[in-house]
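S.K.: Supplied structure: target-v5.pdb, PDB, C-alpha atoms.
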```pdb
ATOM      1  CA  MET A1069     -17.344 -52.409-164.981
ATOM      2  CA  SER A1070     -20.521 -53.571-166.681
ATOM      3  CA  ALA A1071     -20.694 -55.061-170.150
ATOM      4  CA  ASN A1072     -22.480 -52.060-171.622
ATOM      5  CA  PRO A1073     -22.395 -48.998-169.356
ATOM      6  CA  ILE A1074     -23.896 -46.765-172.077
ATOM      7  CA  ASN A1075     -26.994 -48.931-172.507
ATOM      8  CA  GLU A1076     -27.361 -49.418-168.737
ATOM      9  CA  TYR A1077     -27.075 -45.659-168.192
ATOM     10  CA  TRP A1078     -29.812 -44.975-170.732
ATOM     11  CA  GLN A1079     -32.099 -47.696-169.367
ATOM     12  CA  ARG A1080     -31.777 -46.261-165.852
ATOM     13  CA  PHE A1081     -32.486 -42.712-167.103
ATOM     14  CA  ALA A1082     -35.400 -43.863-169.279
ATOM     15  CA  LYS A1083     -36.987 -45.768-166.396
ATOM     16  CA  GLN A1084     -36.638 -42.816-163.991
ATOM     17  CA  ASN A1085     -38.197 -40.489-166.579
ATOM     18  CA  GLU A1086     -40.845 -42.917-167.866
ATOM     19  CA  LEU A1087     -39.442 -42.923-171.396
ATOM     20  CA  ASN A1088     -40.117 -45.916-173.606
ATOM     21  CA  MET A1089     -37.294 -45.434-176.104
ATOM     22  CA  ASP A1090     -34.310 -47.347-177.429
ATOM     23  CA  THR A1091     -30.849 -46.193-176.392
ATOM     24  CA  PRO A1092     -30.055 -43.051-178.403
ATOM     25  CA  SER A1093     -26.826 -42.282-180.231
ATOM     26  CA  ALA A1094     -23.742 -42.082-178.041
ATOM     27  CA  TRP A1095     -20.811 -40.017-179.287
ATOM     28  CA  MET A1096     -17.971 -37.718-178.289
ATOM     29  CA  PHE A1097     -17.523 -34.139-179.331
ATOM     30  CA  GLY A1098     -14.639 -33.057-181.544
ATOM     31  CA  ASP A1099     -12.335 -34.832-183.921
ATOM     32  CA  GLY A1100     -12.395 -38.246-182.267
ATOM     33  CA  SER A1101      -9.252 -37.660-180.200
ATOM     34  CA  LYS A1102      -9.216 -38.485-176.493
ATOM     35  CA  ALA A1103      -7.998 -34.984-175.590
ATOM     36  CA  MET A1104     -10.777 -33.209-177.481
ATOM     37  CA  GLY A1105     -13.445 -35.665-176.311
ATOM     38  CA  ASP A1106     -12.428 -35.105-172.693
ATOM     39  CA  GLU A1107     -12.137 -31.316-173.020
ATOM     40  CA  LEU A1108     -15.426 -30.727-174.842
ATOM     41  CA  GLY A1109     -17.282 -33.337-172.798
ATOM     42  CA  GLY A1110     -16.102 -31.558-169.659
ATOM     43  CA  LEU A1111     -17.491 -28.266-171.002
ATOM     44  CA  VAL A1112     -20.881 -29.967-171.523
ATOM     45  CA  VAL A1113     -20.970 -31.373-167.977
ATOM     46  CA  SER A1114     -19.932 -27.991-166.508
ATOM     47  CA  GLY A1115     -22.731 -26.216-168.404
ATOM     48  CA  MET A1116     -20.343 -24.062-170.466
ATOM     49  CA  LYS A1117     -21.129 -25.864-173.724
ATOM     50  CA  THR A1118     -24.782 -25.778-174.782
ATOM     51  CA  GLY A1119     -24.305 -25.709-178.531
ATOM     52  CA  THR A1120     -22.548 -27.574-181.303
ATOM     53  CA  CYS A1121     -22.547 -27.554-185.075
ATOM     54  CA  SER A1122     -21.874 -30.013-187.856
ATOM     55  CA  ALA A1123     -21.406 -29.736-191.593
ATOM     56  CA  HIS A1124     -24.814 -30.271-193.195
ATOM     57  CA  CYS A1125     -23.292 -32.257-196.068
ATOM     58  CA  ALA A1126     -21.749 -34.776-193.643
ATOM     59  CA  TYR A1127     -25.210 -36.004-192.643
ATOM     60  CA  GLU A1128     -26.042 -36.868-196.227
ATOM     61  CA  LEU A1129     -22.599 -38.326-196.934
ATOM     62  CA  GLU A1130     -22.809 -40.532-193.819
ATOM     63  CA  ASN A1131     -26.486 -41.327-194.383
ATOM     64  CA  GLU A1132     -27.458 -39.879-190.981
ATOM     65  CA  GLU A1133     -30.599 -38.010-190.003
ATOM     66  CA  ILE A1134     -30.321 -34.365-189.048
ATOM     67  CA  PRO A1135     -31.124 -34.069-185.332
ATOM     68  CA  LYS A1136     -34.604 -32.945-184.321
ATOM     69  CA  VAL A1137     -35.733 -30.875-181.350
ATOM     70  CA  GLY A1138     -36.452 -33.185-178.421
ATOM     71  CA  ARG A1139     -33.914 -35.819-179.440
ATOM     72  CA  TYR A1140     -31.732 -37.290-176.715
ATOM     73  CA  ASP A1141     -28.052 -38.147-177.165
ATOM     74  CA  ILE A1142     -25.463 -39.595-174.816
ATOM     75  CA  VAL A1143     -22.211 -37.629-174.631
ATOM     76  CA  LEU A1144     -19.053 -39.703-174.195
ATOM     77  CA  ASP A1145     -15.638 -38.769-172.841
ATOM     78  CA  GLY A1146     -12.382 -39.397-174.701
ATOM     79  CA  ASP A1147     -12.403 -43.041-173.588
ATOM     80  CA  ASN A1148     -15.966 -43.620-174.843
ATOM     81  CA  ASN A1149     -17.430 -43.674-171.331
ATOM     82  CA  PRO A1150     -20.780 -41.965-170.717
ATOM     83  CA  LEU A1151     -20.657 -38.422-169.351
ATOM     84  CA  ALA A1152     -24.158 -37.021-169.746
ATOM     85  CA  ILE A1153     -27.474 -37.191-171.559
ATOM     86  CA  ILE A1154     -28.382 -34.116-173.569
ATOM     87  CA  GLN A1155     -31.632 -33.135-175.267
ATOM     88  CA  MET A1156     -31.812 -30.976-178.377
ATOM     89  CA  THR A1157     -33.736 -27.735-177.801
ATOM     90  CA  GLN A1158     -33.153 -25.914-181.108
ATOM     91  CA  ILE A1159     -31.905 -26.922-184.568
ATOM     92  CA  GLU A1160     -31.070 -24.401-187.297
ATOM     93  CA  VAL A1161     -29.367 -24.737-190.668
ATOM     94  CA  VAL A1162     -27.175 -21.673-191.185
ATOM     95  CA  LYS A1163     -24.268 -20.689-193.442
ATOM     96  CA  MET A1164     -21.054 -20.700-191.417
ATOM     97  CA  ASN A1165     -20.425 -17.028-192.124
ATOM     98  CA  GLU A1166     -23.918 -16.200-190.808
ATOM     99  CA  VAL A1167     -23.636 -18.006-187.447
ATOM    100  CA  THR A1168     -24.477 -15.566-184.659
ATOM    101  CA  HIS A1169     -22.063 -14.459-181.952
ATOM    102  CA  GLU A1170     -24.548 -15.848-179.427
ATOM    103  CA  PHE A1171     -24.416 -19.319-180.976
ATOM    104  CA  ALA A1172     -20.613 -19.241-181.262
ATOM    105  CA  ARG A1173     -20.438 -18.386-177.538
ATOM    106  CA  SER A1174     -22.808 -21.284-176.723
ATOM    107  CA  GLU A1175     -20.134 -23.704-177.922
ATOM    108  CA  GLY A1176     -18.191 -22.728-174.776
ATOM    109  CA  GLU A1177     -14.727 -22.983-176.296
ATOM    110  CA  GLY A1178     -11.560 -20.900-176.011
ATOM    111  CA  ASP A1179     -12.057 -17.279-174.980
ATOM    112  CA  LEU A1180     -15.760 -17.491-176.009
ATOM    113  CA  SER A1181     -15.176 -14.925-178.772
ATOM    114  CA  TYR A1182     -16.631 -15.155-182.254
ATOM    115  CA  ALA A1183     -13.121 -14.813-183.738
ATOM    116  CA  TYR A1184     -11.879 -17.834-181.776
ATOM    117  CA  TRP A1185     -14.944 -19.888-182.713
ATOM    118  CA  TYR A1186     -14.665 -18.969-186.397
ATOM    119  CA  GLN A1187     -10.937 -19.767-186.706
ATOM    120  CA  GLU A1188     -11.239 -23.102-184.874
ATOM    121  CA  HIS A1189     -14.204 -24.115-187.019
ATOM    122  CA  VAL A1190     -12.497 -23.114-190.276
ATOM    123  CA  GLU A1191      -9.675 -25.491-189.302
ATOM    124  CA  PHE A1192     -12.039 -28.259-188.211
ATOM    125  CA  PHE A1193     -14.340 -28.116-191.243
ATOM    126  CA  THR A1194     -11.379 -27.804-193.641
ATOM    127  CA  TRP A1195     -10.045 -31.048-192.138
ATOM    128  CA  GLN A1196     -13.446 -32.770-191.992
ATOM    129  CA  LEU A1197     -14.456 -31.889-195.553
ATOM    130  CA  SER A1198     -11.060 -33.006-196.876
ATOM    131  CA  GLN A1199     -11.950 -36.508-195.604
ATOM    132  CA  TYR A1200     -14.737 -36.511-198.234
ATOM    133  CA  GLY A1201     -12.658 -34.846-200.957
ATOM    134  CA  LEU A1202     -14.549 -31.556-200.451
ATOM    135  CA  THR A1203     -13.227 -28.016-200.024
ATOM    136  CA  PHE A1204     -14.217 -25.655-197.224
ATOM    137  CA  THR A1205     -15.946 -22.374-198.049
ATOM    138  CA  PRO A1206     -17.350 -19.786-195.584
ATOM    139  CA  GLU A1207     -20.803 -20.458-197.079
ATOM    140  CA  ILE A1208     -20.819 -24.094-195.964
ATOM    141  CA  LEU A1209     -24.177 -24.983-194.437
ATOM    142  CA  LEU A1210     -23.992 -25.929-190.779
ATOM    143  CA  VAL A1211     -26.528 -27.714-188.620
ATOM    144  CA  CYS A1212     -26.427 -25.597-185.450
ATOM    145  CA  GLN A1213     -27.740 -27.528-182.467
ATOM    146  CA  THR A1214     -28.599 -26.091-179.075
ATOM    147  CA  PHE A1215     -29.053 -28.553-176.228
ATOM    148  CA  LYS A1216     -29.547 -28.884-172.511
ATOM    149  CA  VAL A1217     -27.974 -31.399-170.150
ATOM    150  CA  VAL A1218     -30.777 -33.506-168.689
ATOM    151  CA  ASP A1219     -28.594 -35.926-166.708
ATOM    152  CA  VAL A1220     -24.948 -36.261-165.635
ATOM    153  CA  TYR A1221     -23.532 -39.777-165.407
ATOM    154  CA  ARG A1222     -22.645 -41.146-161.996
ATOM    155  CA  ALA A1223     -20.993 -44.558-162.029
ATOM    156  CA  GLY A1224     -22.987 -47.093-160.049
ATOM    157  CA  ALA A1225     -25.884 -44.685-159.494
TER     158      ALA A1225
END
```
As a first step, turn the structure in this file into structure tokens.
M.R.:
Amino acid sequence: MSANPINEYWQRFAKQNELNMDTPSAWMFGDGSKAMGDELGGLVVSGMKTGTCSAHCAYELENEEIPKVGRYDIVLDGDNNPLAIIQMTQIEVVKMNEVTHEFARSEGEGDLSYAYWYQEHVEFFTWQLSQYGLTFTPEILLVCQTFKVVDVYRAGA
């Protein structure tokens, strides 16, 4: 295995697509657990998951920029290995209780119902906000991101 498979993957993709850019952020979906990273990463690779959302306040608290349309990211599996490169196609800031059924379905999780999405995200954001000493409310602002898979990782390719 190479010293930095994530960087090598990006450099190969960038060269093939004539992109002159530094390696973008590489991250796994979910709560940081291997199981969730593998499950959600698999949904991205399969094409089931084309959307994700984050608490708007977390960007400010972690001093991170809100994603922009056109941005590339590298999705990792639960072991922090590259799975795919995605590109943001739409970014919206929406109150959690105003997220559309269509967006909830784009997250590709569970039975694809709004009820499932809502309950899972109440639990997730309650946990996430508690890490910052904040309390969840249904009016929390979310950064809803829609993306497309532009490349799937193939070891040694």
S.K.: To verify the selection step, state as a list in words which residues the PyMOL selection byres ((chain A and resi 1098) around 10) yields on this input.
M.R.: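 Listing what the PyMOL selection byres ((chain A and resi 1098) around 10) selects in the shown file: Trp1095, Met1096, Phe1097, Asp1099, Gly1100, Ser1101, Lys1102, Ala1103, Met1104, Gly1105, Asp1106, Glu1107, Leu1108, Gly1109, Thr1120, Gly1146 and Phe1192 of chain A.
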S.K.: Using all atoms listed in the file, determine which residues lie at most 10 Å from His1169 (chain A), disregarding the query and same-chain residues fewer than 6 positions distant; provide the list as a list in words.
M.R.: Leu1180, Ser1181, Tyr1182, Ala1183, Trp1185 and Tyr1186 of chain A
S.K.: Work out how far CA of Ile1153 (chain A) is from CA of Asp1141 (chain A), in Å to one decimal.
M.R.: 5.7 Å
S.K.: Name all residues at most 12 Å from Val1162 (chain A) (count all atoms listed in the file; drop same-chain ones fewer than 3 positions away) and give them as a count of residues only.
M.R.: 18
S.K.: Just the residues within 9 Å of Ala1126 (chain A), please, counting only C-alpha atoms, with nothing from its chain fewer than 6 positions along; format it as a PyMOL selection string.
M.R.: chain A and resi 1132+1196-1197+1200
S.K.: Which distance in Å separates CA of Gly1110 (chain A) and CA of Ser1198 (chain A), to one decimal?
M.R.: 27.7 Å
S.K.: List the spatial neighbours of region 1218-1221 of chain A as a list in words - criterion: any atom at most 7 Å away, only C-alpha atoms, same-chain residues fewer than 5 positions off excluded.
M.R.: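 Near region 1218-1221 of chain A, the qualifying residues are Val1113, Pro1150, Leu1151, Ala1152, Ile1153, Ile1154 and Gln1155 of chain A.
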S.K.: Draw an axis-aligned box over all listed atoms of region 1110-1129 of chain A, pad each side with 8 Å, and write its centre and edge lengths in Å, one decimal, as lines of an AutoDock Vina configuration file.
M.R.:
```
center_x = -21.1
center_y = -31.2
center_z = -181.7
size_x = 25.9
size_y = 30.3
size_z = 46.4
```
S.K.: Kindly provide, as a list in words, the polymer residues lying within 12 Å of (-38.0, -36.1, -184.6), counting only C-alpha atoms and using the coordinates exactly as they appear in the file.
M.R.: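 Result, sorted by chain then residue number: Glu1133, Ile1134, Pro1135, Lys1136, Val1137, Gly1138, Arg1139, Tyr1140, Gln1155, Met1156, Thr1157, Gln1158 and Ile1159 of chain A.
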